[in-house]
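Pasted below: target_30.cif, mmCIF, C-alpha atoms.
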data_model
#
loop_
_atom_site.label_atom_id
_atom_site.label_comp_id
_atom_site.auth_asym_id
_atom_site.auth_seq_id
_atom_site.Cartn_x
_atom_site.Cartn_y
_atom_site.Cartn_z
CA MET Y 1 75.13 72.03 58.40
CA GLU Y 2 78.71 70.78 58.39
CA ASN Y 3 79.59 68.46 61.28
CA LEU Y 4 80.51 70.74 64.19
CA SER Y 5 83.27 68.45 65.37
CA ASN Y 6 85.19 69.52 62.25
CA ILE Y 7 85.47 72.96 63.77
CA THR Y 8 88.22 71.79 66.07
CA ASP Y 9 90.27 70.36 63.22
CA ILE Y 10 93.20 72.79 63.19
CA ASP Y 11 93.14 73.65 59.52
CA ARG Y 12 89.35 74.01 59.50
CA MET Y 13 89.43 76.20 62.63
CA LYS Y 14 92.02 78.52 61.11
CA GLU Y 15 90.05 78.67 57.87
CA MET Y 16 86.89 79.63 59.72
CA TRP Y 17 88.86 82.09 61.83
CA SER Y 18 90.06 83.78 58.67
CA ASP Y 19 86.49 83.86 57.27
CA MET Y 20 85.16 85.30 60.51
CA ASN Y 21 87.86 87.98 60.45
CA THR Y 22 86.61 89.04 57.02
CA ARG Y 23 83.18 89.61 58.56
CA LEU Y 24 84.73 91.79 61.25
CA THR Y 25 86.55 94.11 58.82
CA LYS Y 26 83.43 96.22 58.35
CA LEU Y 27 83.59 97.10 62.06
CA GLU Y 28 87.07 98.61 61.70
CA LYS Y 29 86.00 101.77 59.90
CA ASP Y 30 84.81 103.52 63.08
CA LEU Y 31 88.15 103.10 64.80
CA SER Y 32 89.93 105.97 63.04
CA GLU Y 33 87.24 108.40 64.08
CA GLN Y 34 87.41 107.23 67.71
CA SER Y 35 91.20 107.57 67.62
CA ARG Y 36 91.00 111.20 66.54
CA LYS Y 37 88.58 111.97 69.36
CA VAL Y 38 90.91 110.36 71.90
CA SER Y 39 94.03 112.19 70.70
CA SER Y 40 92.31 115.58 70.50
CA ASN Y 41 90.30 115.42 73.74
CA LYS Y 42 91.12 114.44 77.23
CA VAL Y 43 89.66 110.96 77.56
CA HIS Y 44 90.15 109.37 80.96
CA THR Y 45 90.95 105.71 81.24
CA ALA Y 46 89.51 103.53 83.99
CA LYS Y 47 92.90 103.47 85.70
CA GLU Y 48 93.03 107.27 85.76
CA ASP Y 49 89.53 107.38 87.28
CA LEU Y 50 90.62 105.00 90.04
CA ILE Y 51 93.80 106.97 90.71
CA ARG Y 52 91.77 110.19 90.97
CA LYS Y 53 89.39 108.55 93.47
CA TYR Y 54 92.22 107.42 95.70
CA ARG Y 55 93.91 110.81 95.48
CA ARG Y 56 90.65 112.46 96.55
CA PHE Y 57 90.35 110.09 99.52
CA ILE Y 58 93.95 110.86 100.57
CA VAL Y 59 93.27 114.60 100.54
CA ILE Y 60 89.95 114.30 102.40
CA ALA Y 61 91.38 111.95 105.03
CA GLY Y 62 94.52 114.06 105.45
CA ILE Y 63 92.70 117.37 105.87
CA THR Y 64 90.04 115.88 108.17
CA GLY Y 65 92.70 114.13 110.21
CA ILE Y 66 94.46 117.43 110.89
CA PHE Y 67 91.60 119.90 111.30
CA PHE Y 68 89.05 117.85 113.20
CA PRO Y 69 91.39 116.94 116.09
CA LEU Y 70 92.49 120.61 116.27
CA LEU Y 71 88.85 121.67 116.39
CA LEU Y 72 88.22 119.13 119.12
CA CYS Y 73 91.19 120.28 121.19
CA PHE Y 74 90.65 124.00 120.93
CA GLY Y 75 87.05 124.43 119.88
CA GLY Y 76 85.37 121.59 121.74
CA VAL Y 77 86.11 122.72 125.29
CA ALA Y 78 82.42 123.26 126.07
CA TYR Y 79 81.61 119.67 125.24
CA TYR Y 80 84.89 118.16 126.40
CA PRO Y 81 85.75 119.80 129.70
CA GLN Y 82 87.66 116.67 130.74
CA ILE Y 83 91.08 117.11 129.24
CA PRO Y 84 92.02 113.44 129.05
CA TRP Y 85 88.94 112.57 126.98
CA ARG Y 86 89.40 115.59 124.72
CA TYR Y 87 92.98 114.78 123.86
CA ALA Y 88 92.40 111.03 123.72
CA SER Y 89 89.54 111.54 121.31
CA ALA Y 90 91.57 114.01 119.21
CA ALA Y 91 94.50 111.60 119.11
CA MET Y 92 92.29 108.70 118.01
CA PHE Y 93 90.72 110.73 115.23
CA PHE Y 94 94.14 111.90 114.08
CA ILE Y 95 95.52 108.34 114.02
CA PHE Y 96 92.41 106.96 112.30
CA PHE Y 97 92.47 109.49 109.48
CA MET Y 98 96.25 109.30 109.02
CA VAL Y 99 96.06 105.48 108.81
CA ALA Y 100 93.20 105.79 106.29
CA ALA Y 101 95.19 108.32 104.25
CA GLY Y 102 98.23 106.03 104.37
CA MET Y 103 96.23 103.06 103.15
CA ASP Y 104 94.74 105.09 100.32
CA ALA Y 105 98.21 106.32 99.42
CA TYR Y 106 99.41 102.70 99.22
CA LEU Y 107 96.51 101.76 96.93
CA TYR Y 108 97.01 104.91 94.84
CA MET Y 109 100.67 104.08 94.22
CA ALA Y 110 99.92 100.42 93.52
CA VAL Y 111 97.29 101.30 90.88
CA ARG Y 112 99.53 103.99 89.39
CA ASP Y 113 102.35 101.47 88.95
CA ILE Y 114 100.25 99.04 86.87
CA ASN Y 115 101.35 99.34 83.26
CA LEU Y 116 98.93 97.71 80.83
CA ALA Y 117 101.37 98.19 77.95
CA THR Y 118 104.51 96.61 79.36
CA MET Y 119 103.25 94.09 81.94
CA SER Y 120 102.07 90.64 80.91
CA VAL Y 121 98.41 89.63 81.16
CA LEU Y 122 99.26 87.40 84.12
CA GLU Y 123 101.04 90.17 86.00
CA VAL Y 124 98.27 92.74 85.49
CA ALA Y 125 95.60 90.26 86.59
CA SER Y 126 97.69 89.30 89.62
CA ARG Y 127 98.21 92.94 90.66
CA GLY Y 128 94.52 93.71 90.19
CA ARG Y 129 93.58 90.77 92.44
CA SER Y 130 96.13 91.83 95.04
CA LEU Y 131 94.82 95.41 95.09
CA LYS Y 132 91.25 94.24 95.58
CA ARG Y 133 92.35 91.97 98.41
CA HIS Y 134 94.29 94.79 100.11
CA HIS Y 135 91.32 97.12 99.78
CA HIS Y 136 89.13 94.56 101.57
CA ILE Y 137 91.73 94.07 104.32
CA PHE Y 138 92.03 97.81 104.87
CA GLN Y 139 88.25 98.07 105.27
CA ILE Y 140 88.31 95.24 107.83
CA ILE Y 141 90.96 97.14 109.82
CA LEU Y 142 89.41 100.60 109.53
CA ILE Y 143 85.79 99.82 110.33
CA PRO Y 144 86.36 98.52 113.92
CA PHE Y 145 88.90 101.31 114.44
CA ALA Y 146 86.23 103.85 113.40
CA ILE Y 147 83.69 102.35 115.80
CA VAL Y 148 86.12 102.47 118.75
CA THR Y 149 87.06 106.08 117.86
CA LEU Y 150 83.41 107.12 117.81
CA VAL Y 151 82.73 105.38 121.13
CA VAL Y 152 85.66 107.21 122.78
CA PHE Y 153 84.30 110.43 121.27
CA ALA Y 154 80.77 109.75 122.52
CA ILE Y 155 81.46 108.65 126.11
CA PRO Y 156 82.04 112.14 127.61
CA ILE Y 157 78.96 113.53 125.91
CA ALA Y 158 76.66 110.56 126.49
CA SER Y 159 74.33 112.63 128.64
CA ASP Y 160 73.66 115.09 125.79
CA THR Y 161 70.84 113.31 123.91
CA GLY Y 162 70.77 115.81 121.07
CA LEU Y 163 74.45 115.38 120.34
CA ILE Y 164 74.21 111.61 120.52
CA ILE Y 165 71.28 111.57 118.10
CA GLY Y 166 73.26 113.87 115.80
CA MET Y 167 76.24 111.54 115.99
CA VAL Y 168 74.14 108.48 115.21
CA ILE Y 169 72.51 110.17 112.22
CA GLY Y 170 75.89 111.46 111.05
CA GLY Y 171 77.37 108.01 111.49
CA ILE Y 172 74.61 106.38 109.46
CA VAL Y 173 74.87 108.97 106.66
CA GLY Y 174 78.66 108.73 106.66
CA GLY Y 175 78.47 104.95 106.68
CA LEU Y 176 76.10 104.91 103.72
CA ILE Y 177 78.29 107.30 101.74
CA GLY Y 178 81.34 105.20 102.60
CA LEU Y 179 79.54 102.00 101.59
CA SER Y 180 78.45 103.55 98.29
CA GLN Y 181 82.03 104.63 97.50
CA TYR Y 182 83.34 101.21 98.52
CA LEU Y 183 80.90 99.42 96.20
CA LYS Y 184 81.84 101.79 93.34
CA ILE Y 185 85.51 101.01 93.85
CA MET Y 186 84.82 97.27 93.94
CA ARG Y 187 82.93 97.64 90.66
CA ASP Y 188 86.06 99.19 89.16
CA TYR Y 189 87.92 96.05 90.15
CA ARG Y 190 86.79 92.81 88.57
CA GLU Y 191 88.28 89.49 89.42
CA ILE Y 192 88.26 87.61 86.17
CA ILE Y 193 91.31 85.46 86.16
CA SER Y 194 91.42 83.26 89.23
CA GLN Y 195 94.70 82.21 90.78
CA GLU Y 196 94.13 78.65 89.60
CA GLU Y 197 93.58 79.54 85.98
CA ILE Y 198 97.01 80.51 84.88
CA LYS Y 199 99.97 78.85 86.44
CA ASP Y 200 103.36 78.74 84.85
CA GLU Y 201 103.91 75.03 84.71
CA GLU Y 202 107.52 75.18 83.67
CA MET C 1 100.97 93.26 60.73
CA SER C 2 104.33 93.62 62.51
CA GLN C 3 106.05 96.94 62.22
CA HIS C 4 109.63 97.95 62.78
CA PRO C 5 109.94 99.07 66.39
CA THR C 6 110.55 102.72 67.01
CA SER C 7 112.76 104.09 69.73
CA HIS C 8 110.94 107.35 70.55
CA THR C 9 107.68 108.45 72.14
CA LEU C 10 104.86 108.06 69.65
CA SER C 11 103.59 111.25 68.08
CA GLU C 12 99.90 111.80 67.36
CA ARG C 13 100.44 110.96 63.70
CA GLU C 14 102.20 107.70 64.62
CA PHE C 15 99.42 106.92 67.10
CA LEU C 16 96.77 107.30 64.39
CA ASP C 17 98.85 105.19 61.98
CA ILE C 18 99.25 102.45 64.59
CA ILE C 19 95.50 102.35 65.19
CA ASP C 20 94.86 102.16 61.43
CA ASN C 21 97.47 99.42 60.93
CA ASN C 22 96.28 97.36 63.90
CA SER C 23 92.54 98.01 63.74
CA SER C 24 91.80 94.38 62.85
CA VAL C 25 93.62 93.09 65.96
CA ILE C 26 91.86 95.57 68.26
CA THR C 27 88.44 94.91 66.72
CA ARG C 28 88.86 91.15 66.77
CA ILE C 29 89.98 90.91 70.43
CA CYS C 30 87.29 93.33 71.63
CA TYR C 31 84.65 91.39 69.70
CA TYR C 32 85.46 88.14 71.46
CA TYR C 33 85.56 89.72 74.91
CA ALA C 34 82.44 91.86 74.60
CA GLN C 35 79.06 90.78 75.94
CA ASP C 36 76.98 92.89 73.57
CA THR C 37 77.29 95.78 71.12
CA ASP C 38 77.54 98.48 73.83
CA ASP C 39 80.26 96.52 75.60
CA PHE C 40 82.10 96.10 72.27
CA ASN C 41 82.07 99.85 71.60
CA ASP C 42 83.10 100.63 75.20
CA LEU C 43 85.95 98.13 75.04
CA ARG C 44 87.32 99.56 71.80
CA GLN C 45 87.19 103.06 73.22
CA ASP C 46 88.97 101.89 76.38
CA VAL C 47 91.66 100.22 74.28
CA ILE C 48 92.23 103.31 72.15
CA ALA C 49 92.29 105.52 75.26
CA ASN C 50 94.87 103.21 76.82
CA ILE C 51 97.01 103.14 73.67
CA TRP C 52 97.04 106.94 73.75
CA ALA C 53 97.66 107.04 77.53
CA TYR C 54 100.53 104.56 77.28
CA ARG C 55 102.12 105.92 74.10
CA ASP C 56 105.16 107.06 76.12
CA SER C 57 105.78 103.52 77.34
CA PHE C 58 106.64 102.12 73.91
CA ARG C 59 110.40 101.89 73.76
CA GLY C 60 110.91 99.73 70.67
CA ASP C 61 112.06 96.68 72.60
CA SER C 62 109.27 94.63 71.06
CA ALA C 63 107.30 94.77 67.84
CA ILE C 64 104.42 97.24 67.84
CA SER C 65 102.01 94.39 67.15
CA THR C 66 103.10 92.63 70.38
CA TRP C 67 102.64 95.90 72.26
CA ILE C 68 99.13 96.29 70.80
CA TYR C 69 98.15 92.70 71.58
CA ARG C 70 99.36 93.03 75.17
CA LEU C 71 97.64 96.36 75.78
CA THR C 72 94.39 95.27 74.14
CA LEU C 73 94.21 92.00 76.08
CA ASN C 74 95.09 93.71 79.36
CA THR C 75 92.35 96.26 78.75
CA CYS C 76 89.79 93.58 77.93
CA ILE C 77 90.74 91.20 80.73
CA SER C 78 92.09 93.34 83.50
CA ALA C 79 90.26 94.66 86.50
CA LEU C 80 90.85 98.20 85.23
CA ARG C 81 87.98 98.63 82.82
CA LYS C 82 85.36 101.29 82.67
CA ARG C 83 81.92 99.87 83.13
CA LYS C 84 79.30 102.23 81.90
CA GLN C 85 75.57 102.17 82.47
CA LYS C 86 73.90 100.14 79.73
CA GLY C 87 70.57 100.34 78.05
CA VAL C 88 68.97 97.44 76.23
CA SER C 89 71.51 94.71 75.42
CA VAL C 90 71.94 94.15 71.66
CA SER C 91 73.59 90.96 70.44
CA LEU C 92 76.99 91.19 68.78
CA GLU C 93 75.68 89.13 65.88
CA THR C 94 73.84 92.21 64.63
CA LEU C 95 77.19 93.92 64.00
CA THR C 96 78.33 91.22 61.58
CA ASP C 97 74.93 90.31 60.08
CA LEU C 98 75.30 86.83 61.55
CA HIS C 99 71.79 87.11 62.98
CA SER C 100 70.24 87.36 59.52
CA ASP C 101 72.59 85.09 57.56
CA THR C 102 71.12 81.59 57.40
CA SER C 103 73.92 79.93 55.44
CA ASP C 104 75.82 76.93 56.81
CA THR C 105 79.00 79.01 56.94
CA ALA C 106 77.29 81.61 59.12
CA GLY C 107 76.08 78.80 61.38
CA MET C 108 79.65 77.55 61.78
CA HIS C 109 80.86 81.12 62.47
CA ARG C 110 78.22 81.53 65.15
CA GLU C 111 79.23 78.23 66.71
CA LEU C 112 82.94 79.10 66.63
CA TYR C 113 82.20 82.44 68.28
CA ARG C 114 80.05 80.83 70.98
CA MET C 115 82.63 78.13 71.72
CA ILE C 116 85.46 80.64 72.07
CA SER C 117 83.26 82.96 74.14
CA ARG C 118 82.56 80.16 76.63
CA LEU C 119 86.27 79.80 77.37
CA SER C 120 87.69 81.54 80.42
CA PRO C 121 89.27 84.95 79.74
CA ALA C 122 92.74 83.43 80.08
CA ASP C 123 92.05 80.54 77.69
CA LYS C 124 90.36 82.92 75.31
CA ALA C 125 93.48 85.08 75.20
CA ILE C 126 95.73 82.12 74.46
CA ILE C 127 93.54 80.67 71.69
CA LEU C 128 93.00 84.10 70.08
CA LEU C 129 96.74 84.67 69.93
CA TRP C 130 97.31 81.20 68.52
CA LEU C 131 94.59 81.60 65.88
CA ASP C 132 96.26 84.87 64.87
CA ASP C 133 99.39 82.82 64.11
CA LEU C 134 101.52 84.27 66.89
CA SER C 135 104.48 82.11 67.85
CA TYR C 136 104.62 80.29 71.18
CA ASP C 137 107.38 82.68 72.21
CA ASN C 138 105.19 85.69 71.44
CA ILE C 139 102.22 84.18 73.27
CA SER C 140 104.48 83.38 76.21
CA ASP C 141 105.73 86.99 76.32
CA ILE C 142 102.25 88.52 76.14
CA ILE C 143 100.52 86.20 78.62
CA GLY C 144 103.48 85.92 80.98
CA ILE C 145 103.81 82.13 81.13
CA GLY C 146 106.56 79.81 79.91
CA ARG C 147 106.69 78.45 76.39
CA ASN C 148 105.98 74.89 77.56
CA THR C 149 102.98 76.12 79.55
CA VAL C 150 101.64 77.75 76.37
CA ALA C 151 101.85 74.40 74.58
CA THR C 152 100.16 72.57 77.48
CA ARG C 153 97.41 75.17 77.78
CA LEU C 154 96.75 75.14 74.04
CA ARG C 155 96.37 71.37 74.06
CA ARG C 156 93.84 71.60 76.90
CA ILE C 157 91.96 74.43 75.21
CA LYS C 158 91.63 72.42 71.99
CA GLU C 159 90.35 69.46 74.03
CA LYS C 160 87.77 71.76 75.66
CA LEU C 161 86.67 73.06 72.27
CA ALA C 162 86.41 69.52 70.90
CA LYS C 163 84.16 68.52 73.83
CA MET C 164 82.00 71.62 73.26
CA ALA C 165 81.69 70.74 69.58
CA GLU C 166 80.61 67.16 70.39
CA ALA C 167 78.05 68.24 72.98
#
Just dump the structure as structure tokens.
Amino acid sequence: MENLSNITDIDRMKEMWSDMNTRLTKLEKDLSEQSRKVSSNKVHTAKEDLIRKYRRFIVIAGITGIFFPLLLCFGGVAYYPQIPWRYASAAMFFIFFMVAAGMDAYLYMAVRDINLATMSVLEVASRGRSLKRHHHIFQIILIPFAIVTLVVFAIPIASDTGLIIGMVIGGIVGGLIGLSQYLKIMRDYREIISQEEIKDEE
Amino acid sequence: MSQHPTSHTLSEREFLDIIDNNSSVITRICYYYAQDTDDFNDLRQDVIANIWAYRDSFRGDSAISTWIYRLTLNTCISALRKRKQKGVSVSLETLTDLHSDTSDTAGMHRELYRMISRLSPADKAIILLWLDDLSYDNISDIIGIGRNTVATRLRRIKEKLAKMAEA
């Protein structure tokens, strides 16, 4: 076989590139068919999937953040006879879910604003990295907040074993669902270009 | 490959024409970023879906080819890619008959492919654009780095490829 070091000779590399491109032309014939499917059907891009996920989280957090505290205040009298605990717990749940909805709204808008067609490769990679970092930070803030909220919720009803067991089971199930969603979102992000890789050296 | 820029939102007919006229660019970039045949097909579908989704964003302020290169590379490299469940991984060489071709030329093609594939996604983008005869200014615009940085990066990439070839 020809000496491999010749590959990196500029003229030889471009010649081989051109030859290789000829091999790839047979793969182009399927593209027209795929294009027609895309233009005639609703095909979701990865970005649209991510935006839909965040929108769903905003709605769930917003609705839960309004209705659950109301339920606690007006429907939970039997379990929360002590007014201070009832309202404190309701307030904490309300704040927690509103903060979560706000964070999801931030991420939703940030993803929505990424434009793969007009932004440079560097900018898209940078925004993707930033989003992933913010998502991690928001989790770090929300998880301790959730634990404190649940503790405040549980203190007045600590003597009711059944309720506590229910809360623990609910917490574990909710935590697992949350973890599963978190891992799915992280899979949608992929850090490929590290900060060190591309620097504008001008 | 370059086309006169248009100044209106692309119609479906124009979309299909653009895909036909730029199919070699899309196929080539996806080929060098894919891990296997499933990944290659997924990437191409993602690129086409993004071209359709972003058809309103083309305003004619750059050549359509530049727009296609930018969108295709961003789809291949960016964090915003669909990752579907995969079955058995099938080598890309089966798509181009490289796996069955025993000629010296095929050997050199395989080696060129492997060397470029071992580059980082950023370096891969720069060398692919350069091999496609894009100007430094075009490469600078697509990647988002200065013209001098393009020249510096290309020199380093060629040095990396030379070391790979000697190894």
- Query: In Å, with one decimal, what is the gap from CA of Ile126 in chain C to CA of Ile139 in chain C?
  - Reply: 6.9 Å
- Task: Point out the residue among Y:Met92, Y:Ile58, Y:Val111, Y:Ala154 with the least atom-to-atom distance to chain C, counting all atoms listed in the file.
- Result: Y:Val111
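Residues lying within 12 Å of Gly144 in chain C, counting all atoms listed in the file and ignoring same-chain neighbours fewer than 5 positions away, are Thr118, Met119, Ser120, Val121, Leu122, Glu123, Val124, Ala125, Ser126, Ile198, Lys199, Asp200, Glu201 and Glu202 of chain Y; Arg70, Asn74, Ala122, Ala125, Ile126, Tyr136, Asp137, Asn138, Ile139, Thr149 and Val150 of chain C.
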Just to be explicit: take each residue in the selection above, keep C-alpha atoms, and write the result as a PDB file, in the coordinates of the input.
ATOM      1  CA  THR Y 118     104.510  96.610  79.360  1.00  0.00           C
ATOM      2  CA  MET Y 119     103.250  94.090  81.940  1.00  0.00           C
ATOM      3  CA  SER Y 120     102.070  90.640  80.910  1.00  0.00           C
ATOM      4  CA  VAL Y 121      98.410  89.630  81.160  1.00  0.00           C
ATOM      5  CA  LEU Y 122      99.260  87.400  84.120  1.00  0.00           C
ATOM      6  CA  GLU Y 123     101.040  90.170  86.000  1.00  0.00           C
ATOM      7  CA  VAL Y 124      98.270  92.740  85.490  1.00  0.00           C
ATOM      8  CA  ALA Y 125      95.600  90.260  86.590  1.00  0.00           C
ATOM      9  CA  SER Y 126      97.690  89.300  89.620  1.00  0.00           C
ATOM     10  CA  ILE Y 198      97.010  80.510  84.880  1.00  0.00           C
ATOM     11  CA  LYS Y 199      99.970  78.850  86.440  1.00  0.00           C
ATOM     12  CA  ASP Y 200     103.360  78.740  84.850  1.00  0.00           C
ATOM     13  CA  GLU Y 201     103.910  75.030  84.710  1.00  0.00           C
ATOM     14  CA  GLU Y 202     107.520  75.180  83.670  1.00  0.00           C
TER      15      GLU Y 202
ATOM     16  CA  ARG C  70      99.360  93.030  75.170  1.00  0.00           C
ATOM     17  CA  ASN C  74      95.090  93.710  79.360  1.00  0.00           C
ATOM     18  CA  ALA C 122      92.740  83.430  80.080  1.00  0.00           C
ATOM     19  CA  ALA C 125      93.480  85.080  75.200  1.00  0.00           C
ATOM     20  CA  ILE C 126      95.730  82.120  74.460  1.00  0.00           C
ATOM     21  CA  TYR C 136     104.620  80.290  71.180  1.00  0.00           C
ATOM     22  CA  ASP C 137     107.380  82.680  72.210  1.00  0.00           C
ATOM     23  CA  ASN C 138     105.190  85.690  71.440  1.00  0.00           C
ATOM     24  CA  ILE C 139     102.220  84.180  73.270  1.00  0.00           C
ATOM     25  CA  THR C 149     102.980  76.120  79.550  1.00  0.00           C
ATOM     26  CA  VAL C 150     101.640  77.750  76.370  1.00  0.00           C
TER      27      VAL C 150
END
Which residues fall under the PyMOL selection byres ((chain Y and resi 98-105) around 6) in this file, as a PDB file with C-alpha atoms, keeping the file's coordinate frame?
ATOM      1  CA  TYR Y  54      92.220 107.420  95.700  1.00  0.00           C
ATOM      2  CA  ILE Y  58      93.950 110.860 100.570  1.00  0.00           C
ATOM      3  CA  ALA Y  61      91.380 111.950 105.030  1.00  0.00           C
ATOM      4  CA  GLY Y  62      94.520 114.060 105.450  1.00  0.00           C
ATOM      5  CA  ILE Y  95      95.520 108.340 114.020  1.00  0.00           C
ATOM      6  CA  PHE Y  96      92.410 106.960 112.300  1.00  0.00           C
ATOM      7  CA  PHE Y  97      92.470 109.490 109.480  1.00  0.00           C
ATOM      8  CA  TYR Y 106      99.410 102.700  99.220  1.00  0.00           C
ATOM      9  CA  LEU Y 107      96.510 101.760  96.930  1.00  0.00           C
ATOM     10  CA  TYR Y 108      97.010 104.910  94.840  1.00  0.00           C
TER      11      TYR Y 108
END
Give me the residues within 12 Å of range 12-14 of chain C as a PDB file with C-alpha atoms, in the coordinates of the input, counting all atoms listed in the file and dropping any in the same chain fewer than 6 places off.
ATOM      1  CA  SER Y  32      89.930 105.970  63.040  1.00  0.00           C
ATOM      2  CA  SER Y  35      91.200 107.570  67.620  1.00  0.00           C
ATOM      3  CA  ARG Y  36      91.000 111.200  66.540  1.00  0.00           C
ATOM      4  CA  LYS Y  37      88.580 111.970  69.360  1.00  0.00           C
ATOM      5  CA  VAL Y  38      90.910 110.360  71.900  1.00  0.00           C
ATOM      6  CA  SER Y  39      94.030 112.190  70.700  1.00  0.00           C
ATOM      7  CA  SER Y  40      92.310 115.580  70.500  1.00  0.00           C
TER       8      SER Y  40
ATOM      9  CA  GLN C   3     106.050  96.940  62.220  1.00  0.00           C
ATOM     10  CA  PRO C   5     109.940  99.070  66.390  1.00  0.00           C
ATOM     11  CA  THR C   6     110.550 102.720  67.010  1.00  0.00           C
ATOM     12  CA  ASP C  20      94.860 102.160  61.430  1.00  0.00           C
ATOM     13  CA  ASN C  21      97.470  99.420  60.930  1.00  0.00           C
ATOM     14  CA  ASN C  22      96.280  97.360  63.900  1.00  0.00           C
ATOM     15  CA  ILE C  51      97.010 103.140  73.670  1.00  0.00           C
ATOM     16  CA  TRP C  52      97.040 106.940  73.750  1.00  0.00           C
ATOM     17  CA  ALA C  53      97.660 107.040  77.530  1.00  0.00           C
ATOM     18  CA  ARG C  55     102.120 105.920  74.100  1.00  0.00           C
ATOM     19  CA  ASP C  56     105.160 107.060  76.120  1.00  0.00           C
ATOM     20  CA  PHE C  58     106.640 102.120  73.910  1.00  0.00           C
ATOM     21  CA  ILE C  64     104.420  97.240  67.840  1.00  0.00           C
TER      22      ILE C  64
END
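The residues returned by the PyMOL selection byres ((chain C and resi 25-32) around 7) on the shown structure are Leu24 and Glu28 of chain Y; Asn22, Ser23, Ser24, Tyr33, Ala34, Phe40, Leu43, Arg44, Thr72, Cys76 and Ser117 of chain C.
With all atoms listed in the file as the atoms that count, the residue of C:Ser91, C:Ser135, C:Thr152, C:Thr9 with the shortest distance to chain Y is C:Thr152.
Across the model, the gap from CA of Arg86 in chain Y to CA of Ile155 in chain Y is 10.6 Å.
Counting from CA of Thr66 in chain C, the distance to CA of Leu154 in chain C is 19.0 Å.
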- Within 12 Å of Arg118 in chain C using all atoms listed in the file, minus same-chain residues under 6 positions, as a list of chain:residue names: C:Tyr32, C:Tyr33, C:Ala34, C:Gln35, C:Glu111, C:Leu112, C:Lys124, C:Ile157, C:Lys160, C:Leu161, C:Met164, C:Ala165
- Query: Applied to the shown file, which residues does the PyMOL selection byres ((chain Y and resi 138-153) around 12) return, written as a PyMOL selection string?
  - Reply: chain Y and resi 68-69+72+76+79-80+82+84-107+131-137+154-158+163-164+167-168+170-172+174-175+178-179+181-183+186
Extending 4 Å beyond the listed atoms of range 125-133 of chain C on each side, what axis-aligned box results? I want centre and edge lengths in Å to one decimal, as JSON.
{"center_x": 96.2, "center_y": 82.9, "center_z": 69.7, "size_x": 14.4, "size_y": 12.4, "size_z": 19.1}
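Near Arg112 in chain Y, within 10 Å and counting all atoms listed in the file, sit Lys47, Glu48, Leu50, Ile51 and Tyr106 of chain Y; same-chain residues fewer than 6 positions away were not included.
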Those residues you just picked out, can you put them in a file as a short mmCIF file (atom, residue, chain, number, x, y, z; two decimals), keeping the file's coordinate frame with C-alpha atoms?
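Final file, part24.cif:
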data_model
loop_
_atom_site.label_atom_id
_atom_site.label_comp_id
_atom_site.auth_asym_id
_atom_site.auth_seq_id
_atom_site.Cartn_x
_atom_site.Cartn_y
_atom_site.Cartn_z
CA LYS Y 47 92.90 103.47 85.70
CA GLU Y 48 93.03 107.27 85.76
CA LEU Y 50 90.62 105.00 90.04
CA ILE Y 51 93.80 106.97 90.71
CA TYR Y 106 99.41 102.70 99.22
#
